[in-house]
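File shown here: structure_4.txt, holding compact mmCIF, C-alpha atoms and all ligand atoms.
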```
# COMPACT_ATOMS: atom_id res chain seq x y z
CA MET Q 2 203.27 194.99 110.60
CA VAL Q 3 202.77 192.66 113.54
CA VAL Q 4 202.36 194.01 117.09
CA ALA Q 5 202.70 191.05 119.48
CA ILE Q 6 201.63 191.34 123.10
CA ASP Q 7 202.10 188.71 125.79
CA GLY Q 8 201.28 188.85 129.46
CA PRO Q 9 199.36 187.23 132.30
CA ALA Q 10 195.61 187.42 132.90
CA GLY Q 11 194.43 190.90 133.79
CA SER Q 12 197.60 192.72 132.75
CA GLY Q 13 195.56 194.94 130.42
CA LYS Q 14 196.36 193.18 127.15
CA SER Q 15 192.85 192.88 125.73
CA SER Q 16 191.54 196.39 126.28
CA THR Q 17 194.84 197.91 125.18
CA ALA Q 18 195.32 195.65 122.15
CA LYS Q 19 191.76 196.25 120.92
CA ALA Q 20 192.13 200.01 121.15
CA VAL Q 21 195.56 199.98 119.49
CA ALA Q 22 194.19 197.82 116.66
CA ALA Q 23 191.28 200.25 116.20
CA LYS Q 24 193.72 203.20 116.05
CA LEU Q 25 195.99 201.47 113.54
CA GLY Q 26 193.12 200.06 111.46
CA ALA Q 27 194.65 196.64 112.16
CA VAL Q 28 193.23 193.16 112.60
CA TYR Q 29 192.86 192.35 116.31
CA LEU Q 30 193.63 188.76 117.19
CA ASP Q 31 192.62 187.54 120.65
CA THR Q 32 194.32 184.14 120.85
CA GLY Q 33 193.03 183.54 124.39
CA ALA Q 34 189.49 183.58 122.94
CA MET Q 35 190.49 180.71 120.64
CA TYR Q 36 191.82 178.60 123.55
CA ARG Q 37 188.65 179.42 125.46
CA ALA Q 38 186.44 178.39 122.52
CA VAL Q 39 188.13 174.99 122.21
CA THR Q 40 187.78 174.54 125.98
CA LEU Q 41 184.08 175.40 125.80
CA LYS Q 42 183.50 172.91 123.00
CA ALA Q 43 185.47 170.14 124.73
CA LEU Q 44 183.56 170.70 127.99
CA ARG Q 45 180.23 170.60 126.15
CA LEU Q 46 181.24 167.35 124.45
CA GLY Q 47 182.59 165.87 127.68
CA VAL Q 48 186.12 165.49 126.27
CA PRO Q 49 188.64 165.53 129.15
CA TYR Q 50 191.86 167.51 128.66
CA THR Q 51 193.86 164.31 129.00
CA ASP Q 52 192.28 162.70 125.90
CA ASP Q 53 194.75 163.98 123.30
CA GLU Q 54 193.24 162.10 120.38
CA ALA Q 55 189.72 163.43 120.91
CA LEU Q 56 191.04 166.89 121.77
CA SER Q 57 193.08 167.05 118.61
CA ALA Q 58 189.98 166.15 116.55
CA VAL Q 59 187.85 168.72 118.39
CA THR Q 60 190.44 171.45 117.73
CA ARG Q 61 190.88 170.58 114.06
CA GLU Q 62 187.15 170.31 113.39
CA THR Q 63 186.15 173.55 115.11
CA GLU Q 64 185.54 176.52 112.86
CA MET Q 65 186.43 179.82 114.50
CA ILE Q 66 185.72 183.17 112.91
CA PHE Q 67 186.21 186.64 114.34
CA GLU Q 68 183.48 189.07 113.30
CA GLY Q 69 183.25 192.83 113.59
CA ALA Q 70 185.98 195.43 113.95
CA PRO Q 71 187.95 196.33 117.07
CA PRO Q 72 186.95 197.17 119.74
CA ASP Q 73 183.68 195.28 118.96
CA ILE Q 74 184.91 191.82 118.05
CA ARG Q 75 182.84 188.67 118.40
CA ILE Q 76 184.04 185.11 118.18
CA VAL Q 77 181.80 182.76 116.23
CA MET Q 78 182.40 179.03 116.77
CA ASP Q 79 180.76 176.61 114.35
CA GLY Q 80 178.24 179.33 113.49
CA GLU Q 81 177.41 180.21 117.12
CA ASP Q 82 178.41 183.51 118.72
CA VAL Q 83 180.22 182.28 121.85
CA SER Q 84 181.73 185.64 122.89
CA ALA Q 85 179.90 185.56 126.24
CA ALA Q 86 179.95 181.78 126.80
CA ILE Q 87 183.77 181.60 126.61
CA ARG Q 88 184.02 184.02 129.57
CA SER Q 89 182.03 181.76 131.94
CA ASP Q 90 183.57 180.69 135.24
CA GLU Q 91 183.63 177.09 134.09
CA VAL Q 92 185.67 177.87 130.97
CA THR Q 93 187.98 180.22 132.88
CA LYS Q 94 188.68 177.55 135.51
CA ASN Q 95 189.41 174.84 132.92
CA VAL Q 96 191.16 176.68 130.10
CA SER Q 97 194.68 176.44 131.56
CA ASP Q 98 194.48 172.64 131.50
CA TYR Q 99 193.16 172.42 127.93
CA CYS Q 100 195.43 175.07 126.46
CA ALA Q 101 198.56 173.33 127.77
CA ARG Q 102 198.01 170.34 125.46
CA ASP Q 103 200.08 169.96 122.27
CA ALA Q 104 196.92 168.59 120.64
CA VAL Q 105 195.33 172.03 121.00
CA ARG Q 106 198.32 174.36 120.59
CA THR Q 107 199.77 173.02 117.33
CA SER Q 108 196.53 173.50 115.44
CA LEU Q 109 195.62 176.87 117.00
CA VAL Q 110 199.07 178.38 116.40
CA ASP Q 111 198.72 177.35 112.76
CA GLN Q 112 195.26 178.98 112.55
CA GLN Q 113 196.58 182.16 114.21
CA ARG Q 114 199.36 182.54 111.62
CA LYS Q 115 196.83 182.02 108.81
CA ILE Q 116 194.42 184.65 110.21
CA ALA Q 117 197.26 187.19 110.45
CA ALA Q 118 198.91 186.49 107.09
CA GLY Q 119 199.19 189.58 104.92
CA HIS Q 120 197.56 191.93 107.45
CA THR Q 121 198.63 194.57 109.90
CA VAL Q 122 197.76 192.76 113.10
CA VAL Q 123 197.71 193.35 116.83
CA CYS Q 124 197.87 189.92 118.42
CA GLU Q 125 197.73 189.15 122.13
CA GLY Q 126 198.20 186.02 124.20
CA ARG Q 127 200.86 184.14 126.15
CA ASP Q 128 203.22 182.82 123.45
CA ILE Q 129 202.82 185.41 120.70
CA CYS Q 130 206.30 186.96 120.98
CA THR Q 131 207.99 183.65 121.80
CA VAL Q 132 206.32 181.17 119.43
CA VAL Q 133 203.59 182.49 117.13
CA PHE Q 134 205.33 185.63 115.79
CA PRO Q 135 208.93 185.62 117.09
CA ASN Q 136 209.84 188.04 114.28
CA ALA Q 137 207.07 190.53 115.13
CA ASP Q 138 207.93 194.18 114.45
CA ILE Q 139 206.96 195.11 118.00
CA LYS Q 140 207.07 192.76 120.96
CA ILE Q 141 205.60 193.70 124.31
CA TYR Q 142 205.48 191.88 127.63
CA MET Q 143 202.69 193.42 129.70
CA THR Q 144 202.50 192.92 133.44
CA ALA Q 145 200.76 194.36 136.49
CA SER Q 146 200.72 193.43 140.17
CA VAL Q 147 198.44 190.54 141.14
CA GLU Q 148 196.37 192.88 143.35
CA GLU Q 149 195.87 195.33 140.49
CA ARG Q 150 194.90 192.53 138.12
CA ALA Q 151 192.41 191.09 140.63
CA LYS Q 152 190.86 194.54 141.11
CA ARG Q 153 190.42 194.88 137.33
CA ARG Q 154 188.75 191.45 137.16
CA GLN Q 155 186.49 192.43 140.07
CA LYS Q 156 185.39 195.51 138.12
CA ASP Q 157 184.72 193.44 134.98
CA PHE Q 158 182.58 191.03 137.00
CA ALA Q 159 180.76 193.88 138.73
CA ALA Q 160 179.86 195.27 135.29
CA MET Q 161 178.22 191.88 134.59
CA GLY Q 162 176.36 192.09 137.92
CA ILE Q 163 178.54 189.44 139.58
CA ASN Q 164 180.12 189.99 143.01
CA LYS Q 165 183.50 188.35 143.59
CA SER Q 166 185.83 188.79 146.54
CA LEU Q 167 189.36 190.04 145.88
CA LYS Q 168 190.69 187.08 147.82
CA GLU Q 169 189.00 184.59 145.49
CA LEU Q 170 190.12 186.49 142.39
CA ILE Q 171 193.73 186.71 143.60
CA ALA Q 172 193.74 182.95 144.23
CA ASP Q 173 192.28 182.25 140.74
CA ILE Q 174 194.81 184.53 139.05
CA GLU Q 175 197.74 182.99 140.93
CA THR Q 176 196.63 179.49 139.99
CA ARG Q 177 196.29 180.43 136.33
CA ASP Q 178 199.64 182.30 136.32
CA ARG Q 179 201.37 179.27 137.78
CA LYS Q 180 199.85 176.86 135.24
CA ASP Q 181 200.45 179.18 132.26
CA SER Q 182 204.08 179.86 133.13
CA THR Q 183 205.15 176.38 134.20
CA ARG Q 184 203.62 174.25 131.43
CA SER Q 185 206.09 172.49 129.13
CA ASN Q 186 204.62 173.70 125.82
CA SER Q 187 205.07 177.44 125.17
CA PRO Q 188 205.00 178.70 128.77
CA LEU Q 189 204.29 182.37 129.40
CA THR Q 190 207.63 184.14 129.55
CA LYS Q 191 209.11 187.44 128.43
CA ALA Q 192 210.55 186.98 124.94
CA GLU Q 193 214.03 188.03 123.93
CA GLY Q 194 213.82 191.62 122.75
CA ALA Q 195 210.34 192.29 124.16
CA VAL Q 196 209.64 195.67 125.76
CA GLU Q 197 208.39 195.19 129.32
CA MET Q 198 205.39 197.31 130.19
CA ASP Q 199 204.15 197.36 133.81
CA THR Q 200 200.61 198.71 133.64
CA THR Q 201 200.11 198.97 137.43
CA GLY Q 202 199.02 202.56 137.92
CA MET Q 203 198.85 203.31 134.18
CA THR Q 204 195.59 204.50 132.62
CA LEU Q 205 194.20 202.78 129.55
CA ASP Q 206 195.00 205.86 127.45
CA GLU Q 207 198.61 205.80 128.64
CA GLN Q 208 198.88 202.14 127.72
CA ILE Q 209 197.45 202.76 124.25
CA ASP Q 210 199.69 205.79 123.62
CA PHE Q 211 202.78 203.84 124.74
CA ILE Q 212 202.23 201.13 122.13
CA VAL Q 213 201.10 203.44 119.34
CA ALA Q 214 204.28 205.48 119.94
CA LEU Q 215 206.37 202.31 119.53
CA THR Q 216 204.73 201.67 116.14
CA LYS Q 217 205.85 205.13 114.98
CA MET Q 218 209.52 204.72 115.92
O1 LIG G 1 193.87 185.81 127.87
P1 LIG G 1 192.81 184.84 128.36
O2 LIG G 1 192.59 184.89 129.85
O3 LIG G 1 191.54 184.94 127.60
O4 LIG G 1 193.44 183.40 128.02
C1 LIG G 1 192.76 182.22 128.35
C2 LIG G 1 193.76 181.12 128.58
O5 LIG G 1 194.36 180.75 127.35
C3 LIG G 1 194.89 181.44 129.56
O6 LIG G 1 194.77 180.66 130.73
C4 LIG G 1 196.15 181.08 128.85
C5 LIG G 1 195.73 180.56 127.52
N1 LIG G 1 196.44 181.17 126.40
C6 LIG G 1 197.55 180.53 125.94
O7 LIG G 1 197.97 179.53 126.50
N2 LIG G 1 198.21 181.03 124.87
C7 LIG G 1 197.78 182.13 124.25
N3 LIG G 1 198.43 182.59 123.18
C8 LIG G 1 196.63 182.80 124.73
C9 LIG G 1 195.98 182.30 125.84
```
Please go through the file and, once you have read it, give me the structure as structure tokens.
Amino acid sequence: MVVAIDGPAGSGKSSTAKAVAAKLGAVYLDTGAMYRAVTLKALRLGVPYTDDEALSAVTRETEMIFEGAPPDIRIVMDGEDVSAAIRSDEVTKNVSDYCARDAVRTSLVDQQRKIAAGHTVVCEGRDICTVVFPNADIKIYMTASVEERAKRRQKDFAAMGINKSLKELIADIETRDRKDSTRSNSPLTKAEGAVEMDTTGMTLDEQIDFIVALTKM
């Protein structure tokens, strides 16, 4: 069974998908982490997002492994645990430019299908219902208001001891939303047949129960 979840940054995908995967005993696949890892590596190597040839080589030659079981999943890139490094401000600010490139997407989509093959999987991202698993058993498009999403990000940062203003976070989210939904390759959009789930005002438990109930129908 494949549970596919798309949605913008901060809509609640990750925390919900991890918990649903744990409940179902499924593989949890965080495709955003893969785009972030390639971005981190390219930034470290000084490869600009416009250099398709170098970017294609970087993506192909990067080994990415997910370790652990949901909700405690770590991403290991070329033998290094980069779970924290891929969440840095620098990666977050640059990832929308890198992930829009065909040179990156073609290879990562291929890797995502290979990781999921033969498993029950809960997979989240931006193009999961539209491109990666268009025949998924369950397709969900998760949203929440920009204000709500910014507040959630502010809480995440506060937990890491970082203070961010709501204004700055709203601006960052709006920029990323615009880039992710207007790019030419696999833009973020609600797939045909996807169930829309607005998580504004929903608790995490309600979100989890909603999806688990869909898997039982
Ligand atoms: O979900 P996230 O914030 O970790 O995703 C990081 C970036 O990766 C986000 O700007 C959009 C991109 N992404 C994508 O283009 N396709 C996916 N399937 C997952 C994420």
Proximity check chain Q to ligand LIG 1 (chain G), 6 Å, nearest pairs one decimal Å, all atoms listed in the file, as CSV:
```
residue,atom,partner,partner_atom,distance
Q:Ala10,CA,G:LIG1,O2,5.0
Q:Thr32,CA,G:LIG1,C8,4.7
Q:Gly33,CA,G:LIG1,C9,3.5
Q:Ala34,CA,G:LIG1,O3,5.3
Q:Tyr36,CA,G:LIG1,O5,5.1
Q:Arg37,CA,G:LIG1,C1,5.8
Q:Val96,CA,G:LIG1,C2,5.4
Q:Ser97,CA,G:LIG1,O6,4.3
Q:Cys100,CA,G:LIG1,O7,5.1
Q:Gly126,CA,G:LIG1,N3,3.6
Q:Arg127,CA,G:LIG1,N3,4.1
Q:Asp128,CA,G:LIG1,N3,4.8
Q:Ile129,CA,G:LIG1,N3,5.8
Q:Arg177,CA,G:LIG1,O6,5.8
Q:Asp181,CA,G:LIG1,C4,5.8
```
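All residues of protein, DNA or RNA that reach within 9 Å of Leu205 in chain Q, judged by all atoms listed in the file and not counting those fewer than 3 positions away in the chain, are Gly13, Ser16, Thr17, Thr200, Gln208, Ile209 and Asp210 of chain Q.
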Take the residues just selected and output them with C-alpha atoms as a tab-separated table (two decimals), in the coordinates of the input.
```tsv
chain	number	residue	atom	x	y	z
Q	13	GLY	CA	195.56	194.94	130.42
Q	16	SER	CA	191.54	196.39	126.28
Q	17	THR	CA	194.84	197.91	125.18
Q	200	THR	CA	200.61	198.71	133.64
Q	208	GLN	CA	198.88	202.14	127.72
Q	209	ILE	CA	197.45	202.76	124.25
Q	210	ASP	CA	199.69	205.79	123.62
```
**Asked** In Å, how far is it from CA of Asp98 in chain Q to CA of Thr60 in chain Q?
**Response** 14.4 Å
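Distances here use all atoms listed in the file; by that measure, the residue among Q:Arg114, Q:Leu109, Q:Asn186, Q:Val123 closest to Ala20 in chain Q is Q:Val123.
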**Item:** Near-range 152-161 of chain Q list (9 Å; only C-alpha atoms; drop same-chain fewer than 4 positions) as a PyMOL selection string
**Value:** chain Q and resi 11-13+147-148+165-167+170-171
**Neighbour list for Asp103 in chain Q as a list of chain:residue names, cut-off 9 Å, all atoms listed in the file, skip fewer than 5 positions in-chain** =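 Counting all atoms listed in the file, the residues come to Q:Asp53, Q:Ser57, Q:Ser108, Q:Asn186.
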**Message:** Which residues are near Pro9 in chain Q? Cut-off 12 Å, only C-alpha atoms, ignore same chain within fewer than 6 positions. Put them as number ranges by chain.
**Reply:** Q: 15, 33, 97, 125-128, 142-147, 150-151, 174-182, 188-191, 198-200
**Message:** Just the number, please: distance in Å from CA of Val28 in chain Q to CA of Glu68 in chain Q, one decimal.
**Reply:**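 Separation of CA of Val28 in chain Q and CA of Glu68 in chain Q: 10.6 Å.
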**Asked** What lies within 9 Å of His120 in chain Q using only C-alpha atoms, ignoring chain neighbours under 4 positions off, as an NGL selection string?
**Response** :Q and (2-3 or 27-28 or 116)
**Request:** Enter the distance from CA of Gly119 in chain Q to CA of Asp206 in chain Q, in Å, rounded to one decimal.
**Result:** 28.1 Å
**Prompt:** When distances are computed from only C-alpha atoms, which of Q:Glu149, Q:Glu193, Q:Asp82, Q:Leu30 shows the smallest separation from Ala70 in chain Q?
**Reply:**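 Ranking Q:Glu149, Q:Glu193, Q:Asp82, Q:Leu30 by distance to Ala70 in chain Q, first place goes to Q:Leu30.
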Take range 137-148 of chain Q, model all heavy atoms, and hand the result over as a PDB file, keeping the file's coordinate frame.
```pdb
ATOM      1  N   ALA Q 137     208.007 189.384 115.135  1.00  0.00           N
ATOM      2  CA  ALA Q 137     207.070 190.530 115.130  1.00  0.00           C
ATOM      3  C   ALA Q 137     207.849 191.845 115.136  1.00  0.00           C
ATOM      4  O   ALA Q 137     208.936 191.932 115.707  1.00  0.00           O
ATOM      5  CB  ALA Q 137     206.176 190.457 116.368  1.00  0.00           C
ATOM      6  N   ASP Q 138     207.270 192.862 114.508  1.00  0.00           N
ATOM      7  CA  ASP Q 138     207.930 194.180 114.450  1.00  0.00           C
ATOM      8  C   ASP Q 138     208.026 194.780 115.836  1.00  0.00           C
ATOM      9  O   ASP Q 138     209.002 195.440 116.174  1.00  0.00           O
ATOM     10  CB  ASP Q 138     207.110 195.117 113.554  1.00  0.00           C
ATOM     11  CG  ASP Q 138     206.925 194.527 112.173  1.00  0.00           C
ATOM     12  OD1 ASP Q 138     205.974 193.730 111.984  1.00  0.00           O
ATOM     13  OD2 ASP Q 138     207.741 194.817 111.309  1.00  0.00           O
ATOM     14  N   ILE Q 139     206.964 194.569 116.638  1.00  0.00           N
ATOM     15  CA  ILE Q 139     206.960 195.110 118.000  1.00  0.00           C
ATOM     16  C   ILE Q 139     206.559 193.995 118.950  1.00  0.00           C
ATOM     17  O   ILE Q 139     205.540 193.321 118.735  1.00  0.00           O
ATOM     18  CB  ILE Q 139     205.980 196.286 118.097  1.00  0.00           C
ATOM     19  CG1 ILE Q 139     206.545 197.442 117.257  1.00  0.00           C
ATOM     20  CG2 ILE Q 139     205.777 196.746 119.541  1.00  0.00           C
ATOM     21  CD1 ILE Q 139     205.546 198.456 116.893  1.00  0.00           C
ATOM     22  N   LYS Q 140     207.368 193.802 119.974  1.00  0.00           N
ATOM     23  CA  LYS Q 140     207.070 192.760 120.960  1.00  0.00           C
ATOM     24  C   LYS Q 140     206.947 193.397 122.333  1.00  0.00           C
ATOM     25  O   LYS Q 140     207.834 194.137 122.759  1.00  0.00           O
ATOM     26  CB  LYS Q 140     208.189 191.708 120.983  1.00  0.00           C
ATOM     27  CG  LYS Q 140     208.296 190.936 119.677  1.00  0.00           C
ATOM     28  CD  LYS Q 140     209.151 189.704 119.848  1.00  0.00           C
ATOM     29  CE  LYS Q 140     210.469 189.851 119.174  1.00  0.00           C
ATOM     30  NZ  LYS Q 140     211.281 188.649 119.236  1.00  0.00           N
ATOM     31  N   ILE Q 141     205.849 193.094 123.003  1.00  0.00           N
ATOM     32  CA  ILE Q 141     205.600 193.700 124.310  1.00  0.00           C
ATOM     33  C   ILE Q 141     205.257 192.619 125.331  1.00  0.00           C
ATOM     34  O   ILE Q 141     204.486 191.698 125.040  1.00  0.00           O
ATOM     35  CB  ILE Q 141     204.420 194.697 124.207  1.00  0.00           C
ATOM     36  CG1 ILE Q 141     204.856 195.872 123.326  1.00  0.00           C
ATOM     37  CG2 ILE Q 141     203.999 195.206 125.585  1.00  0.00           C
ATOM     38  CD1 ILE Q 141     203.736 196.684 122.798  1.00  0.00           C
ATOM     39  N   TYR Q 142     205.848 192.754 126.514  1.00  0.00           N
ATOM     40  CA  TYR Q 142     205.480 191.880 127.630  1.00  0.00           C
ATOM     41  C   TYR Q 142     204.795 192.752 128.667  1.00  0.00           C
ATOM     42  O   TYR Q 142     205.422 193.607 129.297  1.00  0.00           O
ATOM     43  CB  TYR Q 142     206.716 191.193 128.215  1.00  0.00           C
ATOM     44  CG  TYR Q 142     206.355 190.176 129.262  1.00  0.00           C
ATOM     45  CD1 TYR Q 142     205.831 188.948 128.897  1.00  0.00           C
ATOM     46  CD2 TYR Q 142     206.515 190.445 130.623  1.00  0.00           C
ATOM     47  CE1 TYR Q 142     205.463 188.014 129.854  1.00  0.00           C
ATOM     48  CE2 TYR Q 142     206.156 189.512 131.585  1.00  0.00           C
ATOM     49  CZ  TYR Q 142     205.633 188.304 131.193  1.00  0.00           C
ATOM     50  OH  TYR Q 142     205.263 187.382 132.126  1.00  0.00           O
ATOM     51  N   MET Q 143     203.476 192.562 128.807  1.00  0.00           N
ATOM     52  CA  MET Q 143     202.690 193.420 129.700  1.00  0.00           C
ATOM     53  C   MET Q 143     202.474 192.735 131.048  1.00  0.00           C
ATOM     54  O   MET Q 143     202.114 191.561 131.089  1.00  0.00           O
ATOM     55  CB  MET Q 143     201.333 193.651 129.030  1.00  0.00           C
ATOM     56  CG  MET Q 143     200.803 195.035 129.213  1.00  0.00           C
ATOM     57  SD  MET Q 143     199.208 195.214 128.412  1.00  0.00           S
ATOM     58  CE  MET Q 143     199.679 196.086 126.975  1.00  0.00           C
ATOM     59  N   THR Q 144     202.719 193.477 132.111  1.00  0.00           N
ATOM     60  CA  THR Q 144     202.500 192.920 133.440  1.00  0.00           C
ATOM     61  C   THR Q 144     201.722 193.922 134.291  1.00  0.00           C
ATOM     62  O   THR Q 144     201.510 195.058 133.885  1.00  0.00           O
ATOM     63  CB  THR Q 144     203.839 192.665 134.193  1.00  0.00           C
ATOM     64  OG1 THR Q 144     204.535 193.910 134.291  1.00  0.00           O
ATOM     65  CG2 THR Q 144     204.686 191.644 133.491  1.00  0.00           C
ATOM     66  N   ALA Q 145     201.329 193.481 135.461  1.00  0.00           N
ATOM     67  CA  ALA Q 145     200.760 194.360 136.490  1.00  0.00           C
ATOM     68  C   ALA Q 145     200.770 193.529 137.765  1.00  0.00           C
ATOM     69  O   ALA Q 145     200.828 192.293 137.701  1.00  0.00           O
ATOM     70  CB  ALA Q 145     199.340 194.790 136.137  1.00  0.00           C
ATOM     71  N   SER Q 146     200.709 194.187 138.911  1.00  0.00           N
ATOM     72  CA  SER Q 146     200.720 193.430 140.170  1.00  0.00           C
ATOM     73  C   SER Q 146     199.472 192.542 140.247  1.00  0.00           C
ATOM     74  O   SER Q 146     198.449 192.845 139.625  1.00  0.00           O
ATOM     75  CB  SER Q 146     200.742 194.384 141.356  1.00  0.00           C
ATOM     76  OG  SER Q 146     199.494 195.033 141.454  1.00  0.00           O
ATOM     77  N   VAL Q 147     199.579 191.457 141.005  1.00  0.00           N
ATOM     78  CA  VAL Q 147     198.440 190.540 141.140  1.00  0.00           C
ATOM     79  C   VAL Q 147     197.232 191.268 141.728  1.00  0.00           C
ATOM     80  O   VAL Q 147     196.091 191.076 141.275  1.00  0.00           O
ATOM     81  CB  VAL Q 147     198.813 189.326 142.037  1.00  0.00           C
ATOM     82  CG1 VAL Q 147     197.597 188.453 142.288  1.00  0.00           C
ATOM     83  CG2 VAL Q 147     199.898 188.499 141.386  1.00  0.00           C
ATOM     84  N   GLU Q 148     197.475 192.136 142.708  1.00  0.00           N
ATOM     85  CA  GLU Q 148     196.370 192.880 143.350  1.00  0.00           C
ATOM     86  C   GLU Q 148     195.658 193.752 142.317  1.00  0.00           C
ATOM     87  O   GLU Q 148     194.433 193.802 142.260  1.00  0.00           O
ATOM     88  CB  GLU Q 148     196.891 193.759 144.499  1.00  0.00           C
ATOM     89  CG  GLU Q 148     197.378 193.016 145.720  1.00  0.00           C
ATOM     90  CD  GLU Q 148     198.712 192.287 145.498  1.00  0.00           C
ATOM     91  OE1 GLU Q 148     199.468 192.666 144.573  1.00  0.00           O
ATOM     92  OE2 GLU Q 148     198.992 191.328 146.248  1.00  0.00           O
TER      93      GLU Q 148
END
```
